[in-house]
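Everything on this sheet refers to the single structure shown next.
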Amino acid sequence: MTPGFGSSLGLIAQPELRLLLACARPPASMIDGTAIRAMLQAGVDWAGFARKAIRHGVVNLVGNTIEKVAPDMVPDDLLDAFRINREYIESRNDLAAEGLRRSAAALVNQGIDAIWFNGPVLGIHAYGDPGVRLFGAPRLLVREHAAAATIAALRDVGYQQPAQLTATQLDFMRYLQGHEMLSNRALGISADVCTRLASIGMALDIDHEGLWRRSQTGLISGQTVRTLAPQDELVVSSIREGSRWAWRLAEACDFAALIAAQPNLDWAEAWRRAGAQGCRRMLLLGVALARRYFGAGGDEIRSEVHRDPVVEAMVVRTVARWHTDEPSEALSDHKFSLAVLRLHDGSVRRARYLRRSLILPSSPHVSRIALPRRLTNLFVYTVLKVVQEAALLPPLRIARELRAQGRRLRALLVSHGLGLALIPASKQQRALWRRHYAARAAAERLLAQNPNDPTAWHELGDALARLERPAAAIAAYDKALAVVPENAVLLSKRAAAVRAAGGRVSRLDTEEQAPRSPEDADAWARHAASLAAAKRFAEATIAADRAIAINPTHQVALRVGIRSRIASCDWRRSTEDERLVADAFLAGGSLLTPFANRAICESEAQDLRAAQLWARPFVLPQTALPRARKYRRHDRIRLGYLCAEYHDHPAARHIVGVFEHHDRSRFETTAISLGGPDSSQLRQRIEAACDRFISVHDMKDEQIA
């Protein structure tokens, strides 16, 4: 183990990150099982640890280590989650390897030479196994004159270019970026075709001819391919991460694995090549992270790291992000970054990078405006960039603000009912507004009777959203989510309201951060619910158990845990879950919906009790419904089918054959659709198979009845 490695981990304050770094060891020989078991004995927040491993892309590495050195100290659910994740990663990496094999064979058949790196190649060279962790798309370097033929060959084996861009735009964007990403939707994988290893905005002097001259051949995924020489692979990896200022924990681990896999690496030669290409600081940053926090080598240039205060500062910033789970400052090729500026070697290169970043166009400028091929050149798009950013953007900002003010005024009028008198609108629009006003009033009446009714808060949020009051809708949805935080529909509607209010919705808007207070049962329950809504059921179960350990009667945590196990077919605790659900029903409470109850219980009496409790909040009409007309005998028996799913849905797919096989000489069938308009073939079959098809999606319940 590298001297100072243990002390570097000792400086990590967060126990979950310290454990993560100890477990994410590239070669098994670097794993300190005794240290890991000592960390586990000191206590660990397993939910926080699992989330951090997911965020940093090292779940499989960590899982492999823990299963080897301390399986007896890990919750069974988490061990299962590690195994499930390993199977998923192996499956995805098998697809990536198959994609590489097909692509490489297609290029060989066309006589196209390519250097392959990243993806499965990195898995083999760094770890000796392409299934250790989920790798990104394989990248291939081809010469500029072979780019079009390469893309054509990849299209022949199922890869596609972005359909919304013209061929001229794609060619020019590839010139600017140095690469083009193609996707194979059938396999769910991608391939990145590179003609250069950095965009023209970067001020690096990459020795592409030297890469070709020093490349070597090897067997990857059963296919003989050309790959980078070891020193070049290390330098290219540092350029890739340094040019984006990414360095997630996973990338640092990969870099450490590359170093550890090459014990006889010629560091003097790697240092010389990095200096010639202007990326020594990028290499130093990778080496510093790999050596201090993963115990990899690089002692030969250790003194260079200590002599460079810029690299030292960036190491501190990177590790601070690892602590907070803050997303890395990963940049696209078209964005200027002060960090990337500092990573360039020498003042001349830094000045060149600054000048190019400010002047040269980027892929967004090209994608916005499609020009004829004869006008597609660097000068024209540079002028267009200046015009877009200096001349057009300020007026656009003013126009956007004026539109926003108009929307706010309209929303104010609509929300107070004044829209009916002051806003020009069609008869149908006015009728819709009236329905939304009525829905808002009905929800408010229900809430006056029961302020904790999640259904009423849900309906109030829907009405407010449709009345163009997104901020108030968000507040209503939050009230409903306080009672049913795992409701994915509510989370989705809340996200839509946030967007309507002008906010941005990230993944964290539906996946709450792990609780800051380890003794807050409510926070753990909300955390579990957000994970369940994101279909991360194993983690949801762990978080729910944390809440129950603090408060054994916490209804939300009990409900989320049971539902998560049902949704993931985890039946190991089914006996306990059945008892908890039955006890809740006997006490007049409900942990499951009637539908979910049938998944774990065969008692018809309990099913009835579940339905009764579920229906209890529904309020009967204040006035009696009109009495039906007296029945008169008909020539045919009349059947009515009431459904909200008369579209491409399992219910419709299963019932359409019933409609089509009715004896229409004996039965008169009517389909009553609660769902919205639909033009699918399945809908057309249903309409043709019934005597009448009535759409009632825009009627009130009383009208439908």
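Going by the structure tokens order, chains are called A, B, ..., each with residues numbered from 1, while ligands are numbered from 1 in the order shown.
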- Message: Applying 10 Å and only C-alpha atoms, which residues near range 59-62 of chain A remain after dropping the ones on its own chain fewer than 4 positions away? List them as a VMD selection string.
- Response: chain A and resid 19 to 26 49 to 55 66 to 67 81 to 90 131 to 134 250 253
- Message: Can you pull out the residues contacting range 261-276 of chain A? Cut-off 7 Å, using only C-alpha atoms, and skip same-chain residues under 4 positions away; I want them as a list in words.
- Response: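 Here the qualifying residues turn out to be Ala126, Gln231, Val235, Ala257, Arg280 and Glu300 of chain A.
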- Per DSSP on the backbone, what are the alpha helix (DSSP H) residues of range 657-704 of chain A, as an MDAnalysis selection string? chainID A and resid 657:660 681:689 701:704
Store the residues picked out above in a file with all heavy atoms, as a CSV table (one decimal), in the first residue's frame.
chain,number,residue,atom,x,y,z
A,657,GLY,N,-61.3,-8.2,-27.5
A,657,GLY,CA,-61.8,-9.5,-28.1
A,657,GLY,C,-63.2,-9.8,-27.6
A,657,GLY,O,-64.0,-10.4,-28.3
A,658,VAL,N,-63.5,-9.5,-26.3
A,658,VAL,CA,-64.8,-9.8,-25.8
A,658,VAL,C,-65.9,-9.0,-26.6
A,658,VAL,O,-66.9,-9.5,-27.0
A,658,VAL,CB,-64.9,-9.4,-24.3
A,658,VAL,CG1,-66.3,-9.5,-23.7
A,658,VAL,CG2,-63.9,-10.3,-23.5
A,659,PHE,N,-65.6,-7.7,-26.8
A,659,PHE,CA,-66.5,-6.8,-27.5
A,659,PHE,C,-66.7,-7.4,-28.9
A,659,PHE,O,-67.9,-7.5,-29.4
A,659,PHE,CB,-65.9,-5.4,-27.7
A,659,PHE,CG,-65.9,-4.7,-26.4
A,659,PHE,CD1,-65.0,-3.6,-26.2
A,659,PHE,CD2,-66.7,-5.0,-25.3
A,659,PHE,CE1,-64.9,-2.9,-25.0
A,659,PHE,CE2,-66.6,-4.3,-24.1
A,659,PHE,CZ,-65.7,-3.3,-24.0
A,660,GLU,N,-65.6,-7.8,-29.6
A,660,GLU,CA,-65.7,-8.3,-31.0
A,660,GLU,C,-66.5,-9.6,-31.1
A,660,GLU,O,-66.9,-9.9,-32.2
A,660,GLU,CB,-64.3,-8.4,-31.6
A,660,GLU,CG,-63.7,-7.0,-31.8
A,660,GLU,CD,-62.2,-7.1,-32.2
A,660,GLU,OE1,-61.6,-8.1,-31.9
A,660,GLU,OE2,-61.7,-6.1,-32.8
A,681,GLN,N,-55.3,2.5,-33.0
A,681,GLN,CA,-56.0,1.4,-33.7
A,681,GLN,C,-56.8,0.6,-32.7
A,681,GLN,O,-57.9,0.2,-33.1
A,681,GLN,CB,-55.0,0.5,-34.4
A,681,GLN,CG,-54.4,1.1,-35.7
A,681,GLN,CD,-53.5,0.1,-36.4
A,681,GLN,OE1,-53.2,-1.0,-35.9
A,681,GLN,NE2,-53.2,0.4,-37.7
A,682,LEU,N,-56.3,0.5,-31.5
A,682,LEU,CA,-57.1,-0.3,-30.5
A,682,LEU,C,-58.4,0.4,-30.2
A,682,LEU,O,-59.4,-0.2,-30.0
A,682,LEU,CB,-56.2,-0.4,-29.2
A,682,LEU,CG,-56.7,-1.5,-28.2
A,682,LEU,CD1,-56.8,-2.9,-28.8
A,682,LEU,CD2,-55.7,-1.5,-27.0
A,683,ARG,N,-58.3,1.7,-30.0
A,683,ARG,CA,-59.6,2.5,-29.8
A,683,ARG,C,-60.5,2.3,-30.9
A,683,ARG,O,-61.8,2.2,-30.7
A,683,ARG,CB,-59.2,4.0,-29.6
A,683,ARG,CG,-60.4,4.9,-29.5
A,683,ARG,CD,-61.1,4.8,-28.1
A,683,ARG,NE,-61.8,6.0,-27.8
A,683,ARG,CZ,-61.4,6.9,-26.9
A,683,ARG,NH1,-60.3,6.6,-26.2
A,683,ARG,NH2,-62.0,8.0,-26.6
A,684,GLN,N,-60.0,2.4,-32.2
A,684,GLN,CA,-60.9,2.2,-33.3
A,684,GLN,C,-61.6,0.9,-33.4
A,684,GLN,O,-62.7,0.7,-33.7
A,684,GLN,CB,-60.1,2.5,-34.6
A,684,GLN,CG,-59.6,3.9,-34.7
A,684,GLN,CD,-58.6,4.1,-35.9
A,684,GLN,OE1,-58.5,3.3,-36.8
A,684,GLN,NE2,-57.8,5.2,-35.8
A,685,ARG,N,-60.8,-0.2,-33.0
A,685,ARG,CA,-61.4,-1.5,-32.9
A,685,ARG,C,-62.6,-1.6,-31.9
A,685,ARG,O,-63.6,-2.2,-32.1
A,685,ARG,CB,-60.4,-2.6,-32.5
A,685,ARG,CG,-59.4,-3.0,-33.7
A,685,ARG,CD,-58.4,-3.9,-33.1
A,685,ARG,NE,-59.0,-5.2,-32.7
A,685,ARG,CZ,-58.3,-6.1,-32.0
A,685,ARG,NH1,-57.0,-5.9,-31.7
A,685,ARG,NH2,-58.9,-7.2,-31.6
A,686,ILE,N,-62.3,-0.9,-30.7
A,686,ILE,CA,-63.4,-1.0,-29.7
A,686,ILE,C,-64.6,-0.2,-30.1
A,686,ILE,O,-65.8,-0.7,-30.0
A,686,ILE,CB,-62.8,-0.3,-28.4
A,686,ILE,CG1,-61.7,-1.2,-27.8
A,686,ILE,CG2,-63.9,-0.1,-27.3
A,686,ILE,CD1,-61.0,-0.6,-26.6
A,687,GLU,N,-64.4,0.9,-30.8
A,687,GLU,CA,-65.6,1.7,-31.2
A,687,GLU,C,-66.4,0.9,-32.3
A,687,GLU,O,-67.6,1.0,-32.3
A,687,GLU,CB,-65.1,3.1,-31.8
A,687,GLU,CG,-64.5,4.0,-30.7
A,687,GLU,CD,-64.1,5.3,-31.3
A,687,GLU,OE1,-64.4,5.6,-32.5
A,687,GLU,OE2,-63.5,6.1,-30.6
A,688,ALA,N,-65.6,0.2,-33.2
A,688,ALA,CA,-66.3,-0.5,-34.2
A,688,ALA,C,-67.0,-1.7,-33.7
A,688,ALA,O,-68.1,-2.2,-34.2
A,688,ALA,CB,-65.3,-1.0,-35.3
A,689,ALA,N,-66.6,-2.3,-32.5
A,689,ALA,CA,-67.1,-3.5,-32.0
A,689,ALA,C,-68.4,-3.3,-31.1
A,689,ALA,O,-69.1,-4.2,-30.9
A,689,ALA,CB,-66.1,-4.3,-31.2
A,701,ASP,N,-69.5,14.0,-12.4
A,701,ASP,CA,-70.0,12.7,-12.0
A,701,ASP,C,-71.5,12.6,-12.1
A,701,ASP,O,-72.0,11.6,-12.5
A,701,ASP,CB,-69.5,12.4,-10.6
A,701,ASP,CG,-68.0,12.2,-10.5
A,701,ASP,OD1,-67.4,12.0,-11.6
A,701,ASP,OD2,-67.4,12.2,-9.4
A,702,GLU,N,-72.2,13.7,-11.7
A,702,GLU,CA,-73.6,13.6,-11.7
A,702,GLU,C,-74.2,13.5,-13.1
A,702,GLU,O,-75.1,12.7,-13.3
A,702,GLU,CB,-74.2,14.9,-11.0
A,702,GLU,CG,-73.9,15.0,-9.6
A,702,GLU,CD,-72.5,15.6,-9.3
A,702,GLU,OE1,-71.8,15.9,-10.3
A,702,GLU,OE2,-72.1,15.7,-8.1
A,703,GLN,N,-73.5,14.2,-14.1
A,703,GLN,CA,-74.0,14.0,-15.4
A,703,GLN,C,-73.7,12.6,-16.0
A,703,GLN,O,-74.6,12.1,-16.7
A,703,GLN,CB,-73.2,15.0,-16.3
A,703,GLN,CG,-73.5,16.5,-16.0
A,703,GLN,CD,-72.6,17.4,-16.8
A,703,GLN,OE1,-71.4,17.4,-16.7
A,703,GLN,NE2,-73.3,18.3,-17.6
A,704,ILE,N,-72.6,12.0,-15.6
A,704,ILE,CA,-72.3,10.7,-16.1
A,704,ILE,C,-73.4,9.7,-15.5
A,704,ILE,O,-73.9,8.8,-16.2
A,704,ILE,CB,-70.9,10.3,-15.7
A,704,ILE,CG1,-69.9,11.2,-16.3
A,704,ILE,CG2,-70.6,8.8,-16.1
A,704,ILE,CD1,-68.5,11.0,-15.9
- Task: Using DSSP on the backbone coordinates, identify all residues within range 528-695 of chain A classified as strand (DSSP E); present the result as an MDAnalysis selection string.
- Result: chainID A and resid 637:643 667:673 692:695
- Message: Need the shell around Leu464 in chain A: protein/DNA/RNA residues with any atom at most 12 Å away, counting only C-alpha atoms. Skip same-chain ones fewer than 2 positions apart. Format as a PyMOL selection string?
- Response: chain A and resi 411-412+414-417+433+435-441+443-444+457-462+466-477+493-494+497+500
Let's have the selection written as a short mmCIF file (atom, residue, chain, number, x, y, z; two decimals), in the first residue's frame, with N, CA and C atoms.
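File result_14.cif, as written:
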data_model
loop_
_atom_site.label_atom_id
_atom_site.label_comp_id
_atom_site.auth_asym_id
_atom_site.auth_seq_id
_atom_site.Cartn_x
_atom_site.Cartn_y
_atom_site.Cartn_z
N ALA A 411 -52.83 34.60 -15.30
CA ALA A 411 -53.05 33.64 -14.21
C ALA A 411 -53.82 34.29 -13.07
N LEU A 412 -53.52 35.57 -12.79
CA LEU A 412 -54.22 36.27 -11.72
C LEU A 412 -55.71 36.40 -12.05
N VAL A 414 -57.49 34.56 -14.21
CA VAL A 414 -58.13 33.24 -14.27
C VAL A 414 -58.38 32.70 -12.87
N SER A 415 -57.38 32.83 -11.99
CA SER A 415 -57.50 32.22 -10.66
C SER A 415 -58.59 32.85 -9.82
N HIS A 416 -58.95 34.10 -10.12
CA HIS A 416 -59.99 34.75 -9.35
C HIS A 416 -61.34 34.77 -10.07
N GLY A 417 -61.45 34.02 -11.15
CA GLY A 417 -62.73 33.94 -11.84
C GLY A 417 -62.99 35.10 -12.78
N TRP A 433 -63.06 26.34 -17.43
CA TRP A 433 -62.75 27.14 -16.24
C TRP A 433 -63.82 26.95 -15.18
N ARG A 435 -65.66 24.37 -14.66
CA ARG A 435 -65.47 23.05 -14.05
C ARG A 435 -64.33 23.09 -13.03
N HIS A 436 -63.25 23.82 -13.37
CA HIS A 436 -62.11 23.88 -12.45
C HIS A 436 -62.46 24.68 -11.20
N TYR A 437 -63.24 25.77 -11.37
CA TYR A 437 -63.70 26.52 -10.20
C TYR A 437 -64.53 25.60 -9.28
N ALA A 438 -65.44 24.82 -9.91
CA ALA A 438 -66.29 23.93 -9.13
C ALA A 438 -65.45 22.86 -8.42
N ALA A 439 -64.44 22.34 -9.12
CA ALA A 439 -63.57 21.32 -8.51
C ALA A 439 -62.79 21.91 -7.35
N ARG A 440 -62.31 23.15 -7.52
CA ARG A 440 -61.60 23.81 -6.42
C ARG A 440 -62.51 23.99 -5.21
N ALA A 441 -63.74 24.44 -5.46
CA ALA A 441 -64.69 24.66 -4.35
C ALA A 441 -65.03 23.35 -3.66
N ALA A 443 -63.17 20.60 -3.49
CA ALA A 443 -62.00 20.15 -2.72
C ALA A 443 -61.88 20.95 -1.43
N GLU A 444 -62.13 22.25 -1.51
CA GLU A 444 -62.03 23.08 -0.30
C GLU A 444 -63.10 22.71 0.72
N TRP A 457 -56.60 17.20 -1.12
CA TRP A 457 -55.45 18.05 -1.45
C TRP A 457 -54.99 17.80 -2.88
N HIS A 458 -55.01 16.53 -3.28
CA HIS A 458 -54.64 16.17 -4.66
C HIS A 458 -55.57 16.86 -5.66
N GLU A 459 -56.87 16.77 -5.42
CA GLU A 459 -57.85 17.38 -6.33
C GLU A 459 -57.73 18.90 -6.33
N LEU A 460 -57.45 19.48 -5.15
CA LEU A 460 -57.27 20.92 -5.09
C LEU A 460 -56.04 21.33 -5.91
N GLY A 461 -54.96 20.56 -5.78
CA GLY A 461 -53.77 20.85 -6.57
C GLY A 461 -54.04 20.79 -8.06
N ASP A 462 -54.80 19.76 -8.49
CA ASP A 462 -55.15 19.64 -9.92
C ASP A 462 -55.94 20.86 -10.39
N ARG A 466 -54.71 23.73 -13.15
CA ARG A 466 -55.47 24.03 -14.37
C ARG A 466 -55.95 25.47 -14.41
N LEU A 467 -56.03 26.11 -13.24
CA LEU A 467 -56.38 27.52 -13.19
C LEU A 467 -55.14 28.42 -13.23
N GLU A 468 -54.02 27.81 -13.64
CA GLU A 468 -52.77 28.54 -13.87
C GLU A 468 -52.23 29.19 -12.60
N ARG A 469 -52.35 28.45 -11.49
CA ARG A 469 -51.77 28.90 -10.22
C ARG A 469 -50.78 27.83 -9.74
N PRO A 470 -49.63 27.71 -10.43
CA PRO A 470 -48.71 26.61 -10.12
C PRO A 470 -48.14 26.66 -8.71
N ALA A 471 -47.85 27.87 -8.19
CA ALA A 471 -47.28 27.95 -6.83
C ALA A 471 -48.26 27.41 -5.79
N ALA A 472 -49.54 27.80 -5.93
CA ALA A 472 -50.55 27.28 -5.00
C ALA A 472 -50.76 25.79 -5.20
N ALA A 473 -50.65 25.32 -6.46
CA ALA A 473 -50.79 23.88 -6.73
C ALA A 473 -49.67 23.11 -6.06
N ILE A 474 -48.45 23.64 -6.10
CA ILE A 474 -47.32 22.97 -5.45
C ILE A 474 -47.58 22.82 -3.96
N ALA A 475 -48.09 23.88 -3.34
CA ALA A 475 -48.39 23.82 -1.90
C ALA A 475 -49.44 22.75 -1.60
N ALA A 476 -50.47 22.65 -2.46
CA ALA A 476 -51.50 21.64 -2.25
C ALA A 476 -50.93 20.23 -2.43
N TYR A 477 -50.13 20.05 -3.47
CA TYR A 477 -49.52 18.72 -3.68
C TYR A 477 -48.61 18.35 -2.51
N LYS A 493 -46.94 15.29 -10.89
CA LYS A 493 -47.73 16.52 -11.04
C LYS A 493 -47.05 17.70 -10.35
N ARG A 494 -46.45 17.43 -9.20
CA ARG A 494 -45.73 18.51 -8.51
C ARG A 494 -44.58 19.01 -9.36
N ALA A 497 -45.85 21.24 -11.99
CA ALA A 497 -46.20 22.55 -11.44
C ALA A 497 -44.94 23.39 -11.20
N ALA A 500 -44.00 24.71 -14.49
CA ALA A 500 -44.94 25.77 -14.90
C ALA A 500 -44.66 27.07 -14.15
#
- Message: Need the shell around Val316 in chain A: protein/DNA/RNA residues with any atom at most 12 Å away, counting only C-alpha atoms. Skip same-chain ones fewer than 4 positions apart. Format as a ChimeraX atom specification?
- Response: /A:8,11-12,285,288-289,292-293,309-312,320-323
- Query: What's the 10 Å shell around Val74 in chain A, counting only C-alpha atoms, without same-chain residues fewer than 4 positions away, as a PyMOL selection string?
  - Reply: chain A and resi 40+44+46+66-67+70+78-79
Export all heavy atoms of the chosen residues as a CSV table (one decimal), in the first residue's frame?
chain,number,residue,atom,x,y,z
A,40,LEU,N,-16.9,-0.9,9.7
A,40,LEU,CA,-18.3,-1.4,9.9
A,40,LEU,C,-18.7,-1.5,11.4
A,40,LEU,O,-19.8,-1.3,11.8
A,40,LEU,CB,-18.5,-2.7,9.2
A,40,LEU,CG,-18.3,-2.7,7.6
A,40,LEU,CD1,-18.4,-4.1,7.0
A,40,LEU,CD2,-19.4,-1.8,7.0
A,44,VAL,N,-22.3,2.4,10.5
A,44,VAL,CA,-22.4,3.1,9.2
A,44,VAL,C,-23.9,3.3,8.9
A,44,VAL,O,-24.8,2.5,9.2
A,44,VAL,CB,-21.8,2.2,8.1
A,44,VAL,CG1,-22.4,0.9,8.0
A,44,VAL,CG2,-21.8,2.9,6.7
A,46,TRP,N,-26.3,2.8,6.4
A,46,TRP,CA,-26.3,2.0,5.2
A,46,TRP,C,-27.1,2.6,4.0
A,46,TRP,O,-26.7,2.5,2.9
A,46,TRP,CB,-26.9,0.6,5.5
A,46,TRP,CG,-26.0,-0.3,6.2
A,46,TRP,CD1,-26.1,-0.8,7.5
A,46,TRP,CD2,-24.8,-0.9,5.7
A,46,TRP,NE1,-25.1,-1.6,7.8
A,46,TRP,CE2,-24.2,-1.6,6.8
A,46,TRP,CE3,-24.1,-0.7,4.5
A,46,TRP,CZ2,-23.0,-2.3,6.6
A,46,TRP,CZ3,-22.9,-1.4,4.4
A,46,TRP,CH2,-22.3,-2.2,5.4
A,66,ILE,N,-17.3,-5.8,-0.3
A,66,ILE,CA,-18.0,-6.1,0.9
A,66,ILE,C,-18.4,-7.6,1.0
A,66,ILE,O,-18.4,-8.2,2.0
A,66,ILE,CB,-19.2,-5.2,1.1
A,66,ILE,CG1,-18.8,-3.8,1.4
A,66,ILE,CG2,-20.2,-5.7,2.1
A,66,ILE,CD1,-19.8,-2.8,1.7
A,67,GLU,N,-18.9,-8.1,-0.1
A,67,GLU,CA,-19.3,-9.5,-0.1
A,67,GLU,C,-18.1,-10.5,0.2
A,67,GLU,O,-18.3,-11.5,0.7
A,67,GLU,CB,-19.9,-9.9,-1.5
A,67,GLU,CG,-21.3,-9.4,-1.7
A,67,GLU,CD,-22.0,-10.0,-2.9
A,67,GLU,OE1,-22.4,-11.2,-2.9
A,67,GLU,OE2,-22.1,-9.3,-3.9
A,70,ALA,N,-16.7,-8.9,4.3
A,70,ALA,CA,-17.6,-8.7,5.5
A,70,ALA,C,-19.1,-9.0,5.2
A,70,ALA,O,-19.9,-8.2,5.6
A,70,ALA,CB,-17.4,-7.3,6.1
A,78,LEU,N,-29.4,-5.3,1.6
A,78,LEU,CA,-28.4,-4.6,0.9
A,78,LEU,C,-27.5,-5.6,0.1
A,78,LEU,O,-27.1,-5.3,-1.1
A,78,LEU,CB,-27.5,-3.8,1.8
A,78,LEU,CG,-26.5,-2.8,1.2
A,78,LEU,CD1,-27.3,-1.9,0.2
A,78,LEU,CD2,-25.8,-2.0,2.2
A,79,LEU,N,-27.2,-6.8,0.7
A,79,LEU,CA,-26.5,-7.8,0.0
A,79,LEU,C,-27.2,-8.2,-1.3
A,79,LEU,O,-26.7,-8.4,-2.4
A,79,LEU,CB,-26.2,-9.0,0.9
A,79,LEU,CG,-25.0,-8.9,1.9
A,79,LEU,CD1,-25.0,-10.1,2.7
A,79,LEU,CD2,-23.7,-8.6,1.2
